[in-house]
file data.tsv (TSV, N, CA and C atoms)
chain	number	residue	atom	x	y	z
A	23	MET	N	-13.88	12.32	-8.91
A	23	MET	CA	-12.81	11.37	-8.68
A	23	MET	C	-11.48	12.07	-8.97
A	24	ARG	N	-10.60	11.96	-8.01
A	24	ARG	CA	-9.31	12.67	-8.09
A	24	ARG	C	-8.52	12.32	-9.35
A	25	ARG	N	-8.50	11.05	-9.72
A	25	ARG	CA	-7.73	10.64	-10.90
A	25	ARG	C	-8.18	11.41	-12.13
A	26	LEU	N	-9.49	11.57	-12.29
A	26	LEU	CA	-10.01	12.30	-13.44
A	26	LEU	C	-9.79	13.80	-13.32
A	27	GLU	N	-9.88	14.32	-12.09
A	27	GLU	CA	-9.64	15.74	-11.86
A	27	GLU	C	-8.26	16.17	-12.32
A	28	ILE	N	-7.29	15.29	-12.13
A	28	ILE	CA	-5.91	15.64	-12.53
A	28	ILE	C	-5.55	15.04	-13.89
A	29	ASN	N	-6.58	14.55	-14.59
A	29	ASN	CA	-6.43	14.05	-15.96
A	29	ASN	C	-5.39	12.93	-16.05
A	30	LEU	N	-5.54	11.95	-15.16
A	30	LEU	CA	-4.61	10.83	-15.11
A	30	LEU	C	-5.34	9.57	-15.59
A	31	SER	N	-4.74	8.85	-16.48
A	31	SER	CA	-5.36	7.61	-16.96
A	31	SER	C	-5.17	6.50	-15.94
A	32	GLN	N	-6.00	5.46	-16.05
A	32	GLN	CA	-5.82	4.30	-15.18
A	32	GLN	C	-4.46	3.68	-15.41
A	33	GLU	N	-4.02	3.67	-16.63
A	33	GLU	CA	-2.71	3.09	-16.95
A	33	GLU	C	-1.58	3.85	-16.26
A	34	THR	N	-1.64	5.18	-16.31
A	34	THR	CA	-0.60	5.98	-15.67
A	34	THR	C	-0.65	5.82	-14.15
A	35	LEU	N	-1.85	5.83	-13.59
A	35	LEU	CA	-1.98	5.63	-12.15
A	35	LEU	C	-1.43	4.27	-11.74
A	36	SER	N	-1.76	3.24	-12.51
A	36	SER	CA	-1.27	1.91	-12.16
A	36	SER	C	0.25	1.85	-12.22
A	37	TYR	N	0.83	2.51	-13.21
A	37	TYR	CA	2.29	2.55	-13.32
A	37	TYR	C	2.90	3.30	-12.13
A	38	ASP	N	2.34	4.49	-11.83
A	38	ASP	CA	2.87	5.31	-10.73
A	38	ASP	C	2.72	4.63	-9.38
A	39	ALA	N	1.63	3.87	-9.21
A	39	ALA	CA	1.36	3.19	-7.94
A	39	ALA	C	1.94	1.78	-7.91
A	40	ASN	N	2.45	1.32	-9.04
A	40	ASN	CA	3.02	-0.02	-9.16
A	40	ASN	C	2.00	-1.11	-8.80
A	41	ILE	N	0.80	-0.96	-9.39
A	41	ILE	CA	-0.24	-1.98	-9.25
A	41	ILE	C	-0.83	-2.25	-10.64
A	42	PRO	N	-1.43	-3.41	-10.85
A	42	PRO	CA	-1.99	-3.72	-12.17
A	42	PRO	C	-3.11	-2.77	-12.57
A	43	ARG	N	-3.18	-2.40	-13.85
A	43	ARG	CA	-4.20	-1.49	-14.34
A	43	ARG	C	-5.60	-2.01	-14.09
A	44	ASN	N	-5.81	-3.31	-14.31
A	44	ASN	CA	-7.15	-3.85	-14.09
A	44	ASN	C	-7.56	-3.76	-12.63
A	45	GLN	N	-6.60	-3.76	-11.72
A	45	GLN	CA	-6.91	-3.61	-10.31
A	45	GLN	C	-7.42	-2.19	-10.04
A	46	VAL	N	-6.83	-1.20	-10.67
A	46	VAL	CA	-7.30	0.18	-10.51
A	46	VAL	C	-8.77	0.28	-10.93
A	47	GLY	N	-9.09	-0.28	-12.07
A	47	GLY	CA	-10.47	-0.25	-12.55
A	47	GLY	C	-11.43	-0.96	-11.62
A	48	ARG	N	-11.03	-2.09	-11.12
A	48	ARG	CA	-11.89	-2.86	-10.22
A	48	ARG	C	-12.10	-2.13	-8.89
A	49	ILE	N	-11.08	-1.45	-8.41
A	49	ILE	CA	-11.21	-0.66	-7.18
A	49	ILE	C	-12.17	0.51	-7.44
A	50	GLU	N	-11.99	1.20	-8.55
A	50	GLU	CA	-12.85	2.34	-8.87
A	50	GLU	C	-14.31	1.92	-9.01
A	51	ARG	N	-14.56	0.77	-9.56
A	51	ARG	CA	-15.94	0.29	-9.75
A	51	ARG	C	-16.51	-0.35	-8.48
A	52	GLY	N	-15.69	-0.46	-7.44
A	52	GLY	CA	-16.15	-1.05	-6.18
A	52	GLY	C	-16.32	-2.55	-6.24
A	53	GLU	N	-15.65	-3.19	-7.17
A	53	GLU	CA	-15.75	-4.64	-7.32
A	53	GLU	C	-14.89	-5.40	-6.31
A	54	ILE	N	-13.85	-4.75	-5.85
A	54	ILE	CA	-12.95	-5.39	-4.89
A	54	ILE	C	-12.59	-4.41	-3.78
A	55	SER	N	-12.24	-4.96	-2.65
A	55	SER	CA	-11.64	-4.19	-1.57
A	55	SER	C	-10.14	-4.28	-1.77
A	56	THR	N	-9.41	-3.39	-1.15
A	56	THR	CA	-7.96	-3.43	-1.33
A	56	THR	C	-7.27	-3.21	0.01
A	57	SER	N	-6.01	-3.49	0.03
A	57	SER	CA	-5.24	-3.38	1.27
A	57	SER	C	-4.86	-1.93	1.55
A	58	ILE	N	-4.52	-1.68	2.78
A	58	ILE	CA	-4.03	-0.35	3.17
A	58	ILE	C	-2.76	-0.02	2.39
A	59	THR	N	-1.93	-1.00	2.18
A	59	THR	CA	-0.68	-0.79	1.43
A	59	THR	C	-0.97	-0.29	0.03
A	60	THR	N	-1.93	-0.92	-0.64
A	60	THR	CA	-2.29	-0.49	-2.00
A	60	THR	C	-2.91	0.90	-1.97
A	61	LEU	N	-3.77	1.17	-0.99
A	61	LEU	CA	-4.35	2.51	-0.87
A	61	LEU	C	-3.27	3.57	-0.68
A	62	LEU	N	-2.27	3.25	0.12
A	62	LEU	CA	-1.17	4.20	0.32
A	62	LEU	C	-0.42	4.46	-0.99
A	63	LYS	N	-0.21	3.41	-1.78
A	63	LYS	CA	0.45	3.57	-3.08
A	63	LYS	C	-0.37	4.46	-4.00
A	64	ILE	N	-1.69	4.25	-4.00
A	64	ILE	CA	-2.56	5.06	-4.85
A	64	ILE	C	-2.56	6.51	-4.39
A	65	CYS	N	-2.65	6.73	-3.10
A	65	CYS	CA	-2.62	8.09	-2.55
A	65	CYS	C	-1.32	8.80	-2.92
A	66	LYS	N	-0.23	8.09	-2.79
A	66	LYS	CA	1.07	8.69	-3.14
A	66	LYS	C	1.10	9.07	-4.61
A	67	ALA	N	0.60	8.19	-5.47
A	67	ALA	CA	0.58	8.46	-6.91
A	67	ALA	C	-0.34	9.64	-7.24
A	68	LEU	N	-1.42	9.80	-6.48
A	68	LEU	CA	-2.37	10.89	-6.70
A	68	LEU	C	-1.98	12.16	-5.96
A	69	LYS	N	-0.93	12.06	-5.14
A	69	LYS	CA	-0.43	13.19	-4.34
A	69	LYS	C	-1.51	13.72	-3.40
A	70	ILE	N	-2.15	12.78	-2.69
A	70	ILE	CA	-3.15	13.13	-1.70
A	70	ILE	C	-2.88	12.36	-0.42
A	71	GLU	N	-3.48	12.81	0.66
A	71	GLU	CA	-3.41	12.11	1.93
A	71	GLU	C	-4.53	11.07	1.96
A	72	MET	N	-4.32	9.99	2.69
A	72	MET	CA	-5.34	8.95	2.76
A	72	MET	C	-6.65	9.51	3.31
A	73	ARG	N	-6.58	10.45	4.23
A	73	ARG	CA	-7.80	11.02	4.81
A	73	ARG	C	-8.66	11.71	3.75
A	74	ASP	N	-8.06	12.12	2.64
A	74	ASP	CA	-8.81	12.78	1.57
A	74	ASP	C	-9.73	11.80	0.82
A	75	LEU	N	-9.55	10.51	1.05
A	75	LEU	CA	-10.39	9.52	0.39
A	75	LEU	C	-11.76	9.41	1.06
A	76	PHE	N	-11.85	9.87	2.29
A	76	PHE	CA	-13.08	9.67	3.06
A	76	PHE	C	-13.90	10.93	3.18
call {"tool": "encode", "arguments": {"input": "data.tsv", "output": "structure tokens"}}
result
Amino acid sequence: MRRLEINLSQETLSYDANIPRNQVGRIERGEISTSITTLLKICKALKIEMRDLF
């Protein structure tokens, strides 16, 4: 998982992506689907392209 590879906490990722921390956890655990907009925010915070998720 990219977030762990770059040693980023869920809290920091949520702050950088401007989304709630619990949402990050739920996305990572596959409990919820998310919008393209949120995925773009996460990708930007992780400094990756969306295509790198697949």
call {"tool": "closest_residue", "arguments": {"input": "data.tsv", "among": "A:Ile64, A:Leu75, A:Ile28, A:Met23", "to": "A:Asn40", "atoms": "all atoms listed in the file"}}
result
A:Ile64
call {"tool": "closest_residue", "arguments": {"input": "data.tsv", "among": "A:Arg24, A:Glu33, A:Ile58, A:Asp74", "to": "A:Val46", "atoms": "all atoms listed in the file"}}
result
A:Glu33
call {"tool": "atom_distance", "arguments": {"input": "data.tsv", "atom1": "atom C of A:Thr60", "atom2": "atom CA of A:Glu27"}}
result
19.1 Å
call {"tool": "atom_distance", "arguments": {"input": "data.tsv", "atom1": "atom CA of A:Asn44", "atom2": "atom CA of A:Gln32"}}
result
8.3 Å
call {"tool": "atom_distance", "arguments": {"input": "data.tsv", "atom1": "atom CA of A:Asp38", "atom2": "atom CA of A:Ala67"}}
result
5.5 Å
call {"tool": "closest_residue", "arguments": {"input": "data.tsv", "among": "A:Ile49, A:Leu62, A:Leu68, A:Ile54", "to": "A:Leu35", "atoms": "only C-alpha atoms"}}
result
A:Leu68
call {"tool": "select_by_dssp", "arguments": {"input": "data.tsv", "residues": "chain A", "states": "alpha helix (DSSP H)", "output": "number ranges by chain"}}
result
A: 24-27, 32-39, 43-50, 58-68
call {"tool": "decode", "arguments": {"input": "data.tsv", "residues": "stretch 31-63 of chain A", "atoms": "N, CA, C and O atoms", "output": "PDB file, in the first residue's frame"}}
result
ATOM      1  N   SER A  31       0.768   8.453   7.759  1.00  0.00           N
ATOM      2  CA  SER A  31      -0.343   8.003   8.603  1.00  0.00           C
ATOM      3  C   SER A  31      -1.679   8.306   7.930  1.00  0.00           C
ATOM      4  O   SER A  31      -1.763   9.155   7.034  1.00  0.00           O
ATOM      5  N   GLN A  32      -2.723   7.612   8.372  1.00  0.00           N
ATOM      6  CA  GLN A  32      -4.061   7.913   7.864  1.00  0.00           C
ATOM      7  C   GLN A  32      -4.424   9.351   8.186  1.00  0.00           C
ATOM      8  O   GLN A  32      -5.049  10.032   7.371  1.00  0.00           O
ATOM      9  N   GLU A  33      -4.032   9.805   9.336  1.00  0.00           N
ATOM     10  CA  GLU A  33      -4.348  11.181   9.741  1.00  0.00           C
ATOM     11  C   GLU A  33      -3.695  12.198   8.801  1.00  0.00           C
ATOM     12  O   GLU A  33      -4.343  13.151   8.360  1.00  0.00           O
ATOM     13  N   THR A  34      -2.425  11.980   8.476  1.00  0.00           N
ATOM     14  CA  THR A  34      -1.732  12.903   7.580  1.00  0.00           C
ATOM     15  C   THR A  34      -2.329  12.847   6.181  1.00  0.00           C
ATOM     16  O   THR A  34      -2.542  13.884   5.546  1.00  0.00           O
ATOM     17  N   LEU A  35      -2.614  11.640   5.699  1.00  0.00           N
ATOM     18  CA  LEU A  35      -3.234  11.510   4.385  1.00  0.00           C
ATOM     19  C   LEU A  35      -4.584  12.214   4.352  1.00  0.00           C
ATOM     20  O   LEU A  35      -4.887  12.935   3.402  1.00  0.00           O
ATOM     21  N   SER A  36      -5.378  12.026   5.394  1.00  0.00           N
ATOM     22  CA  SER A  36      -6.694  12.671   5.416  1.00  0.00           C
ATOM     23  C   SER A  36      -6.556  14.188   5.411  1.00  0.00           C
ATOM     24  O   SER A  36      -7.317  14.881   4.736  1.00  0.00           O
ATOM     25  N   TYR A  37      -5.579  14.700   6.137  1.00  0.00           N
ATOM     26  CA  TYR A  37      -5.343  16.143   6.159  1.00  0.00           C
ATOM     27  C   TYR A  37      -4.908  16.635   4.773  1.00  0.00           C
ATOM     28  O   TYR A  37      -5.454  17.610   4.250  1.00  0.00           O
ATOM     29  N   ASP A  38      -3.931  15.937   4.175  1.00  0.00           N
ATOM     30  CA  ASP A  38      -3.405  16.344   2.868  1.00  0.00           C
ATOM     31  C   ASP A  38      -4.461  16.249   1.772  1.00  0.00           C
ATOM     32  O   ASP A  38      -4.467  17.043   0.832  1.00  0.00           O
ATOM     33  N   ALA A  39      -5.355  15.255   1.889  1.00  0.00           N
ATOM     34  CA  ALA A  39      -6.391  15.054   0.873  1.00  0.00           C
ATOM     35  C   ALA A  39      -7.683  15.798   1.217  1.00  0.00           C
ATOM     36  O   ALA A  39      -8.622  15.799   0.422  1.00  0.00           O
ATOM     37  N   ASN A  40      -7.730  16.382   2.406  1.00  0.00           N
ATOM     38  CA  ASN A  40      -8.907  17.113   2.865  1.00  0.00           C
ATOM     39  C   ASN A  40     -10.162  16.231   2.891  1.00  0.00           C
ATOM     40  O   ASN A  40     -11.218  16.605   2.381  1.00  0.00           O
ATOM     41  N   ILE A  41      -9.989  15.027   3.475  1.00  0.00           N
ATOM     42  CA  ILE A  41     -11.109  14.116   3.686  1.00  0.00           C
ATOM     43  C   ILE A  41     -11.034  13.595   5.121  1.00  0.00           C
ATOM     44  O   ILE A  41      -9.961  13.613   5.730  1.00  0.00           O
ATOM     45  N   PRO A  42     -12.142  13.143   5.688  1.00  0.00           N
ATOM     46  CA  PRO A  42     -12.126  12.655   7.064  1.00  0.00           C
ATOM     47  C   PRO A  42     -11.226  11.424   7.232  1.00  0.00           C
ATOM     48  O   PRO A  42     -11.169  10.550   6.357  1.00  0.00           O
ATOM     49  N   ARG A  43     -10.519  11.337   8.363  1.00  0.00           N
ATOM     50  CA  ARG A  43      -9.620  10.223   8.622  1.00  0.00           C
ATOM     51  C   ARG A  43     -10.349   8.890   8.601  1.00  0.00           C
ATOM     52  O   ARG A  43      -9.855   7.902   8.062  1.00  0.00           O
ATOM     53  N   ASN A  44     -11.542   8.844   9.201  1.00  0.00           N
ATOM     54  CA  ASN A  44     -12.266   7.578   9.212  1.00  0.00           C
ATOM     55  C   ASN A  44     -12.649   7.133   7.805  1.00  0.00           C
ATOM     56  O   ASN A  44     -12.761   5.942   7.536  1.00  0.00           O
ATOM     57  N   GLN A  45     -12.810   8.067   6.890  1.00  0.00           N
ATOM     58  CA  GLN A  45     -13.104   7.721   5.508  1.00  0.00           C
ATOM     59  C   GLN A  45     -11.894   7.039   4.872  1.00  0.00           C
ATOM     60  O   GLN A  45     -12.048   6.071   4.114  1.00  0.00           O
ATOM     61  N   VAL A  46     -10.701   7.507   5.165  1.00  0.00           N
ATOM     62  CA  VAL A  46      -9.485   6.874   4.644  1.00  0.00           C
ATOM     63  C   VAL A  46      -9.442   5.412   5.096  1.00  0.00           C
ATOM     64  O   VAL A  46      -9.216   4.503   4.291  1.00  0.00           O
ATOM     65  N   GLY A  47      -9.676   5.176   6.363  1.00  0.00           N
ATOM     66  CA  GLY A  47      -9.664   3.817   6.887  1.00  0.00           C
ATOM     67  C   GLY A  47     -10.716   2.934   6.241  1.00  0.00           C
ATOM     68  O   GLY A  47     -10.447   1.779   5.898  1.00  0.00           O
ATOM     69  N   ARG A  48     -11.893   3.462   6.072  1.00  0.00           N
ATOM     70  CA  ARG A  48     -12.984   2.685   5.467  1.00  0.00           C
ATOM     71  C   ARG A  48     -12.692   2.368   4.003  1.00  0.00           C
ATOM     72  O   ARG A  48     -12.998   1.267   3.526  1.00  0.00           O
ATOM     73  N   ILE A  49     -12.069   3.289   3.290  1.00  0.00           N
ATOM     74  CA  ILE A  49     -11.684   3.041   1.900  1.00  0.00           C
ATOM     75  C   ILE A  49     -10.612   1.946   1.863  1.00  0.00           C
ATOM     76  O   ILE A  49     -10.692   1.007   1.072  1.00  0.00           O
ATOM     77  N   GLU A  50      -9.614   2.058   2.726  1.00  0.00           N
ATOM     78  CA  GLU A  50      -8.534   1.072   2.747  1.00  0.00           C
ATOM     79  C   GLU A  50      -9.051  -0.325   3.081  1.00  0.00           C
ATOM     80  O   GLU A  50      -8.531  -1.310   2.560  1.00  0.00           O
ATOM     81  N   ARG A  51     -10.023  -0.425   3.947  1.00  0.00           N
ATOM     82  CA  ARG A  51     -10.578  -1.726   4.334  1.00  0.00           C
ATOM     83  C   ARG A  51     -11.614  -2.240   3.336  1.00  0.00           C
ATOM     84  O   ARG A  51     -12.116  -3.346   3.480  1.00  0.00           O
ATOM     85  N   GLY A  52     -11.932  -1.432   2.328  1.00  0.00           N
ATOM     86  CA  GLY A  52     -12.901  -1.839   1.313  1.00  0.00           C
ATOM     87  C   GLY A  52     -14.331  -1.814   1.806  1.00  0.00           C
ATOM     88  O   GLY A  52     -15.198  -2.462   1.227  1.00  0.00           O
ATOM     89  N   GLU A  53     -14.594  -1.059   2.838  1.00  0.00           N
ATOM     90  CA  GLU A  53     -15.942  -0.976   3.403  1.00  0.00           C
ATOM     91  C   GLU A  53     -16.858  -0.053   2.605  1.00  0.00           C
ATOM     92  O   GLU A  53     -18.073  -0.213   2.654  1.00  0.00           O
ATOM     93  N   ILE A  54     -16.256   0.898   1.926  1.00  0.00           N
ATOM     94  CA  ILE A  54     -17.047   1.848   1.144  1.00  0.00           C
ATOM     95  C   ILE A  54     -16.395   2.069  -0.215  1.00  0.00           C
ATOM     96  O   ILE A  54     -15.194   1.870  -0.388  1.00  0.00           O
ATOM     97  N   SER A  55     -17.205   2.460  -1.159  1.00  0.00           N
ATOM     98  CA  SER A  55     -16.709   2.949  -2.443  1.00  0.00           C
ATOM     99  C   SER A  55     -16.574   4.452  -2.305  1.00  0.00           C
ATOM    100  O   SER A  55     -17.160   5.056  -1.403  1.00  0.00           O
ATOM    101  N   THR A  56     -15.825   5.049  -3.186  1.00  0.00           N
ATOM    102  CA  THR A  56     -15.646   6.496  -3.087  1.00  0.00           C
ATOM    103  C   THR A  56     -15.751   7.131  -4.466  1.00  0.00           C
ATOM    104  O   THR A  56     -15.711   6.443  -5.481  1.00  0.00           O
ATOM    105  N   SER A  57     -15.882   8.420  -4.469  1.00  0.00           N
ATOM    106  CA  SER A  57     -16.047   9.147  -5.730  1.00  0.00           C
ATOM    107  C   SER A  57     -14.700   9.340  -6.430  1.00  0.00           C
ATOM    108  O   SER A  57     -13.634   9.251  -5.806  1.00  0.00           O
ATOM    109  N   ILE A  58     -14.782   9.627  -7.694  1.00  0.00           N
ATOM    110  CA  ILE A  58     -13.579   9.947  -8.472  1.00  0.00           C
ATOM    111  C   ILE A  58     -12.894  11.178  -7.882  1.00  0.00           C
ATOM    112  O   ILE A  58     -11.675  11.234  -7.796  1.00  0.00           O
ATOM    113  N   THR A  59     -13.674  12.127  -7.449  1.00  0.00           N
ATOM    114  CA  THR A  59     -13.116  13.348  -6.858  1.00  0.00           C
ATOM    115  C   THR A  59     -12.268  13.024  -5.639  1.00  0.00           C
ATOM    116  O   THR A  59     -11.154  13.533  -5.491  1.00  0.00           O
ATOM    117  N   THR A  60     -12.779  12.159  -4.767  1.00  0.00           N
ATOM    118  CA  THR A  60     -12.023  11.773  -3.577  1.00  0.00           C
ATOM    119  C   THR A  60     -10.777  10.986  -3.964  1.00  0.00           C
ATOM    120  O   THR A  60      -9.704  11.193  -3.395  1.00  0.00           O
ATOM    121  N   LEU A  61     -10.901  10.088  -4.939  1.00  0.00           N
ATOM    122  CA  LEU A  61      -9.727   9.346  -5.404  1.00  0.00           C
ATOM    123  C   LEU A  61      -8.652  10.278  -5.946  1.00  0.00           C
ATOM    124  O   LEU A  61      -7.460  10.075  -5.701  1.00  0.00           O
ATOM    125  N   LEU A  62      -9.074  11.296  -6.665  1.00  0.00           N
ATOM    126  CA  LEU A  62      -8.107  12.273  -7.181  1.00  0.00           C
ATOM    127  C   LEU A  62      -7.399  13.005  -6.047  1.00  0.00           C
ATOM    128  O   LEU A  62      -6.190  13.239  -6.110  1.00  0.00           O
ATOM    129  N   LYS A  63      -8.140  13.358  -5.003  1.00  0.00           N
ATOM    130  CA  LYS A  63      -7.542  14.016  -3.839  1.00  0.00           C
ATOM    131  C   LYS A  63      -6.518  13.112  -3.172  1.00  0.00           C
ATOM    132  O   LYS A  63      -5.431  13.560  -2.780  1.00  0.00           O
TER     133      LYS A  63
END
